[in-house]
Amino acid sequence: MKSIAISGSVRQNVGKRDAKELRYEGNIPAVLYGGKEQTHLSVSAADLKPALYTADVVFIELDINGKKTRAVVQEAQFHPLTDQVTHVDFLELFDDKEVTVNIPVTLTGTSPGVKMGGKLVQKLRNLRVKALPNNLPQTIEVPMDGLEVGKSYRVRQVELTDAKVLNNSDDTIVSVIMSRALRQAEQEAAKAAKGGKK
């Protein structure tokens, strides 16, 4: 798992005016929960970027006034117009406590259906996975080698050790459908075959 270190400061005042001032200074109001008590803190917006603008799961080594904690970003709120981060929820991690995290899906190999002209449709880009922090996979690999036209790869086909996928087992992750060009080519081939039989 990727890991980054971020320093945070405990917030003395927790209010809208204080949050606005923090953002003006380039900091983001945040909450750390999952432990014995919630901690309201602020972190630098610049420090947070590598954890937010990536599909990967990133462990964060939080240093709050000298106290070190391992966490993940559980949720981030963005401003609807500027897309700036307005608030972040950190979930504290414990080696013996399972967490649920969205893990990105990586497609590997080449689909024979796509080579034939089929169209690749990826329905799920992340899967919700529950595991102990040290057992969380960095990514979930979905092999494309067996995907012919009309075939799908479903959640139930994902095999993880020491981790559980929480999505519905029937959900389709990726499928190869017949493209318009391929359908046209097949229809033309069928017409030519019929014409040849006369």
# chains A, B, ... in the order shown; residues from 1 in each chain; ligands from 1
>>> residues_around(residues="A:Ile177", least_positions_apart="2", cutoff="8 Å", atoms="only C-alpha atoms", output="list of chain:residue names")
A:Gly118, A:Lys119, A:Leu120, A:Val121, A:Val149, A:Gly150, A:Lys151, A:Ser175, A:Ser179
>>> write_last_selection(atoms="C-alpha atoms", output="tab-separated table (two decimals), in the first residue's frame")
chain	number	residue	atom	x	y	z
A	118	GLY	CA	-16.47	-5.97	-29.79
A	119	LYS	CA	-16.94	-3.01	-27.46
A	120	LEU	CA	-15.58	-3.06	-23.91
A	121	VAL	CA	-17.98	-1.73	-21.26
A	149	VAL	CA	-18.20	-10.96	-27.38
A	150	GLY	CA	-21.32	-11.28	-25.20
A	151	LYS	CA	-19.37	-12.38	-22.11
A	175	SER	CA	-18.38	-6.96	-20.36
A	179	SER	CA	-20.32	-3.10	-31.54
>>> closest_atom_pairs(of="stretch 51-149 of chain A", to="stretch 9-16 of chain A", cutoff="12 Å", atoms="only C-alpha atoms", output="CSV")
residue,atom,partner,partner_atom,distance
A:Leu62,CA,A:Ser9,CA,10.0
A:Asp63,CA,A:Ser9,CA,8.3
A:Ile64,CA,A:Ser9,CA,5.5
A:Asn65,CA,A:Ser9,CA,5.8
A:Gly66,CA,A:Ser9,CA,9.3
A:Lys67,CA,A:Ser9,CA,10.2
A:Lys68,CA,A:Ser9,CA,11.8
A:Thr86,CA,A:Lys16,CA,11.1
A:His87,CA,A:Lys16,CA,11.4
>>> write_last_selection(atoms="N, CA, C and O atoms", output="CSV table (one decimal), in the first residue's frame")
chain,number,residue,atom,x,y,z
A,62,LEU,N,-0.8,10.2,9.9
A,62,LEU,CA,-1.2,11.5,10.4
A,62,LEU,C,-0.4,11.8,11.6
A,62,LEU,O,-0.3,11.0,12.6
A,63,ASP,N,0.2,13.0,11.6
A,63,ASP,CA,0.9,13.5,12.8
A,63,ASP,C,0.2,14.7,13.3
A,63,ASP,O,0.2,15.8,12.7
A,64,ILE,N,-0.6,14.4,14.4
A,64,ILE,CA,-1.4,15.5,15.0
A,64,ILE,C,-0.7,16.0,16.2
A,64,ILE,O,-0.8,15.3,17.3
A,65,ASN,N,-0.1,17.2,16.1
A,65,ASN,CA,0.6,17.8,17.3
A,65,ASN,C,1.5,16.7,17.9
A,65,ASN,O,1.6,16.6,19.2
A,66,GLY,N,2.2,16.0,17.1
A,66,GLY,CA,3.2,15.0,17.7
A,66,GLY,C,2.7,13.6,17.9
A,66,GLY,O,3.5,12.7,18.1
A,67,LYS,N,1.4,13.4,17.9
A,67,LYS,CA,0.8,12.1,18.1
A,67,LYS,C,0.6,11.5,16.7
A,67,LYS,O,-0.1,12.0,15.8
A,68,LYS,N,1.2,10.3,16.5
A,68,LYS,CA,1.1,9.7,15.1
A,68,LYS,C,-0.1,8.6,15.1
A,68,LYS,O,-0.2,7.8,16.0
A,86,THR,N,-13.4,20.7,0.6
A,86,THR,CA,-14.0,21.6,1.7
A,86,THR,C,-13.9,20.9,3.0
A,86,THR,O,-13.9,21.5,4.1
A,87,HIS,N,-13.9,19.5,3.0
A,87,HIS,CA,-13.8,18.8,4.3
A,87,HIS,C,-13.4,17.3,4.1
A,87,HIS,O,-13.7,16.8,3.0
>>> select_by_dssp(residues="stretch 29-144 of chain A", states="helix (DSSP H, G or I)", output="list in words")
Ala45, Ala46, Asp47, Leu48, Lys49, Pro50, Ala51, Leu52, Pro112, Gly113, Val114, Lys115, Pro133, Asn134 and Asn135 of chain A
>>> atom_distance(atom1="atom CA of A:Thr100", atom2="atom CA of A:Val43")
23.2 Å
>>> select_by_dssp(residues="stretch 9-156 of chain A", states="strand (DSSP E or B)", output="ChimeraX atom specification")
/A:9-10,27-33,39-44,58-64,67-78,85-92,99-108,119-122,126-131,140-143,152-154
>>> write_last_selection(atoms="C-alpha atoms", output="mmCIF file, in the first residue's frame")
data_model
loop_
_atom_site.group_PDB
_atom_site.id
_atom_site.type_symbol
_atom_site.label_atom_id
_atom_site.label_comp_id
_atom_site.auth_asym_id
_atom_site.auth_seq_id
_atom_site.Cartn_x
_atom_site.Cartn_y
_atom_site.Cartn_z
ATOM 1 C CA SER A 9 -3.295 20.540 13.946
ATOM 2 C CA VAL A 10 -6.117 20.095 16.418
ATOM 3 C CA ASN A 27 -5.934 24.328 5.068
ATOM 4 C CA ILE A 28 -8.811 21.870 5.142
ATOM 5 C CA PRO A 29 -11.023 21.137 8.167
ATOM 6 C CA ALA A 30 -11.081 17.405 8.903
ATOM 7 C CA VAL A 31 -12.329 14.812 11.375
ATOM 8 C CA LEU A 32 -10.483 11.696 12.517
ATOM 9 C CA TYR A 33 -12.747 8.951 13.839
ATOM 10 C CA THR A 39 -10.603 14.534 16.743
ATOM 11 C CA HIS A 40 -11.353 17.740 14.848
ATOM 12 C CA LEU A 41 -8.263 18.894 13.006
ATOM 13 C CA SER A 42 -6.989 20.831 10.032
ATOM 14 C CA VAL A 43 -4.523 19.665 7.403
ATOM 15 C CA SER A 44 -2.763 21.375 4.505
ATOM 16 C CA VAL A 58 -3.393 5.580 0.204
ATOM 17 C CA PHE A 59 -2.519 5.016 3.856
ATOM 18 C CA ILE A 60 -1.949 8.283 5.671
ATOM 19 C CA GLU A 61 0.503 8.618 8.509
ATOM 20 C CA LEU A 62 -1.163 11.465 10.378
ATOM 21 C CA ASP A 63 0.946 13.471 12.777
ATOM 22 C CA ILE A 64 -1.405 15.518 14.958
ATOM 23 C CA LYS A 67 0.784 12.087 18.055
ATOM 24 C CA LYS A 68 1.093 9.651 15.131
ATOM 25 C CA THR A 69 -1.937 7.790 13.757
ATOM 26 C CA ARG A 70 -2.471 5.620 10.664
ATOM 27 C CA ALA A 71 -5.613 6.426 8.690
ATOM 28 C CA VAL A 72 -7.359 6.390 5.304
ATOM 29 C CA VAL A 73 -9.564 9.041 3.720
ATOM 30 C CA GLN A 74 -13.086 7.708 4.238
ATOM 31 C CA GLU A 75 -14.858 10.615 2.592
ATOM 32 C CA ALA A 76 -13.973 13.965 1.033
ATOM 33 C CA GLN A 77 -16.385 16.778 0.273
ATOM 34 C CA PHE A 78 -15.742 19.098 -2.658
ATOM 35 C CA VAL A 85 -11.799 20.125 -1.115
ATOM 36 C CA THR A 86 -13.962 21.550 1.682
ATOM 37 C CA HIS A 87 -13.846 18.792 4.319
ATOM 38 C CA VAL A 88 -12.225 15.402 4.855
ATOM 39 C CA ASP A 89 -13.149 12.438 7.066
ATOM 40 C CA PHE A 90 -10.208 10.268 8.129
ATOM 41 C CA LEU A 91 -10.805 6.769 9.459
ATOM 42 C CA GLU A 92 -8.250 5.618 12.011
ATOM 43 C CA VAL A 99 -12.196 -1.662 7.510
ATOM 44 C CA THR A 100 -14.271 -1.210 4.360
ATOM 45 C CA VAL A 101 -12.500 0.644 1.548
ATOM 46 C CA ASN A 102 -13.130 1.223 -2.172
ATOM 47 C CA ILE A 103 -10.383 -0.579 -4.108
ATOM 48 C CA PRO A 104 -9.777 0.295 -7.799
ATOM 49 C CA VAL A 105 -10.274 -2.328 -10.515
ATOM 50 C CA THR A 106 -7.411 -2.911 -12.982
ATOM 51 C CA LEU A 107 -8.139 -4.692 -16.277
ATOM 52 C CA THR A 108 -5.288 -6.991 -17.334
ATOM 53 C CA LYS A 119 -16.940 -3.010 -27.464
ATOM 54 C CA LEU A 120 -15.583 -3.058 -23.912
ATOM 55 C CA VAL A 121 -17.980 -1.731 -21.256
ATOM 56 C CA GLN A 122 -16.639 -1.276 -17.722
ATOM 57 C CA ASN A 126 -14.042 0.282 -7.762
ATOM 58 C CA LEU A 127 -15.155 -2.542 -5.489
ATOM 59 C CA ARG A 128 -16.018 -2.221 -1.796
ATOM 60 C CA VAL A 129 -13.631 -4.490 0.081
ATOM 61 C CA LYS A 130 -13.610 -5.395 3.768
ATOM 62 C CA ALA A 131 -10.361 -6.571 5.348
ATOM 63 C CA ILE A 140 -8.260 -5.778 -7.933
ATOM 64 C CA GLU A 141 -7.068 -7.337 -11.176
ATOM 65 C CA VAL A 142 -9.692 -8.523 -13.640
ATOM 66 C CA PRO A 143 -8.261 -10.764 -16.427
ATOM 67 C CA SER A 152 -19.080 -10.596 -18.757
ATOM 68 C CA TYR A 153 -16.818 -10.723 -15.710
ATOM 69 C CA ARG A 154 -18.879 -10.576 -12.521
#
>>> closest_residue(among="A:Leu93, A:Ile173, A:Met178, A:Ala46", to="A:Lys115", atoms="only C-alpha atoms")
A:Met178
>>> closest_residue(among="A:Ala55, A:Leu124, A:Gly146, A:Ile4", to="A:Asp171", atoms="only C-alpha atoms")
A:Leu124
>>> atom_distance(atom1="atom CA of A:Gln138", atom2="atom CA of A:Asp83")
26.0 Å
>>> residues_around(residues="A:Ala181", least_positions_apart="5", cutoff="12 Å", atoms="only C-alpha atoms", output="VMD selection string")
chain A and resid 114 116 to 119 186 to 188
>>> write_last_selection(atoms="N, CA, C and O atoms", output="PDB file, in the first residue's frame")
ATOM      1  N   VAL A 114     -12.734  -8.032 -27.928  1.00  0.00           N
ATOM      2  CA  VAL A 114     -12.388  -6.668 -28.362  1.00  0.00           C
ATOM      3  C   VAL A 114     -11.547  -6.729 -29.632  1.00  0.00           C
ATOM      4  O   VAL A 114     -11.724  -5.934 -30.552  1.00  0.00           O
ATOM      5  N   MET A 116     -11.803  -8.821 -31.921  1.00  0.00           N
ATOM      6  CA  MET A 116     -12.716  -9.111 -33.045  1.00  0.00           C
ATOM      7  C   MET A 116     -13.593  -7.917 -33.396  1.00  0.00           C
ATOM      8  O   MET A 116     -14.369  -7.972 -34.352  1.00  0.00           O
ATOM      9  N   GLY A 117     -13.501  -6.858 -32.608  1.00  0.00           N
ATOM     10  CA  GLY A 117     -14.308  -5.660 -32.912  1.00  0.00           C
ATOM     11  C   GLY A 117     -15.410  -5.399 -31.905  1.00  0.00           C
ATOM     12  O   GLY A 117     -16.230  -4.503 -32.097  1.00  0.00           O
ATOM     13  N   GLY A 118     -15.467  -6.205 -30.840  1.00  0.00           N
ATOM     14  CA  GLY A 118     -16.469  -5.974 -29.792  1.00  0.00           C
ATOM     15  C   GLY A 118     -16.138  -4.728 -28.989  1.00  0.00           C
ATOM     16  O   GLY A 118     -15.023  -4.203 -29.049  1.00  0.00           O
ATOM     17  N   LYS A 119     -17.122  -4.249 -28.239  1.00  0.00           N
ATOM     18  CA  LYS A 119     -16.940  -3.010 -27.464  1.00  0.00           C
ATOM     19  C   LYS A 119     -16.850  -3.347 -25.977  1.00  0.00           C
ATOM     20  O   LYS A 119     -17.697  -4.062 -25.443  1.00  0.00           O
ATOM     21  N   GLU A 186     -21.325  -8.798 -39.502  1.00  0.00           N
ATOM     22  CA  GLU A 186     -21.939 -10.132 -39.417  1.00  0.00           C
ATOM     23  C   GLU A 186     -23.167 -10.230 -40.316  1.00  0.00           C
ATOM     24  O   GLU A 186     -23.401 -11.238 -40.962  1.00  0.00           O
ATOM     25  N   GLN A 187     -23.978  -9.135 -40.312  1.00  0.00           N
ATOM     26  CA  GLN A 187     -25.183  -9.138 -41.159  1.00  0.00           C
ATOM     27  C   GLN A 187     -24.814  -9.206 -42.636  1.00  0.00           C
ATOM     28  O   GLN A 187     -25.433  -9.924 -43.419  1.00  0.00           O
ATOM     29  N   GLU A 188     -23.761  -8.471 -42.999  1.00  0.00           N
ATOM     30  CA  GLU A 188     -23.320  -8.472 -44.397  1.00  0.00           C
ATOM     31  C   GLU A 188     -22.773  -9.855 -44.803  1.00  0.00           C
ATOM     32  O   GLU A 188     -22.999 -10.328 -45.901  1.00  0.00           O
TER      33      GLU A 188
END
>>> atom_distance(atom1="atom CA of A:Lys2", atom2="atom CA of A:Pro80")
28.5 Å
>>> decode(residues="stretch 168-198 of chain A", atoms="C-alpha atoms", output="compact mmCIF listing (two decimals), in the first residue's frame")
# COMPACT_ATOMS: atom_id res chain seq x y z
CA ASN A 168 -23.56 -7.82 -5.05
CA SER A 169 -22.04 -11.04 -6.43
CA ASP A 170 -24.16 -10.77 -9.62
CA ASP A 171 -22.94 -7.25 -10.46
CA THR A 172 -21.05 -7.01 -13.74
CA ILE A 173 -17.58 -5.47 -13.52
CA VAL A 174 -16.82 -5.49 -17.23
CA SER A 175 -18.38 -6.96 -20.36
CA VAL A 176 -17.74 -7.10 -24.10
CA ILE A 177 -20.77 -6.25 -26.21
CA MET A 178 -21.24 -6.42 -29.94
CA SER A 179 -20.32 -3.10 -31.54
CA ARG A 180 -22.38 -1.61 -34.35
CA ALA A 181 -19.53 -2.22 -36.84
CA LEU A 182 -19.22 -5.88 -35.84
CA ARG A 183 -23.01 -6.41 -36.04
CA GLN A 184 -23.05 -4.81 -39.51
CA ALA A 185 -20.15 -6.99 -40.67
CA GLU A 186 -21.94 -10.13 -39.42
CA GLN A 187 -25.18 -9.14 -41.16
CA GLU A 188 -23.32 -8.47 -44.40
CA ALA A 189 -21.51 -11.81 -44.13
CA ALA A 190 -24.86 -13.57 -43.56
CA LYS A 191 -26.38 -11.79 -46.60
CA ALA A 192 -23.36 -12.75 -48.77
CA ALA A 193 -23.68 -16.37 -47.60
CA LYS A 194 -27.39 -16.41 -48.51
CA GLY A 195 -26.63 -14.84 -51.88
CA GLY A 196 -24.06 -17.52 -52.61
CA LYS A 197 -26.55 -20.35 -51.97
CA LYS A 198 -28.95 -19.30 -54.74
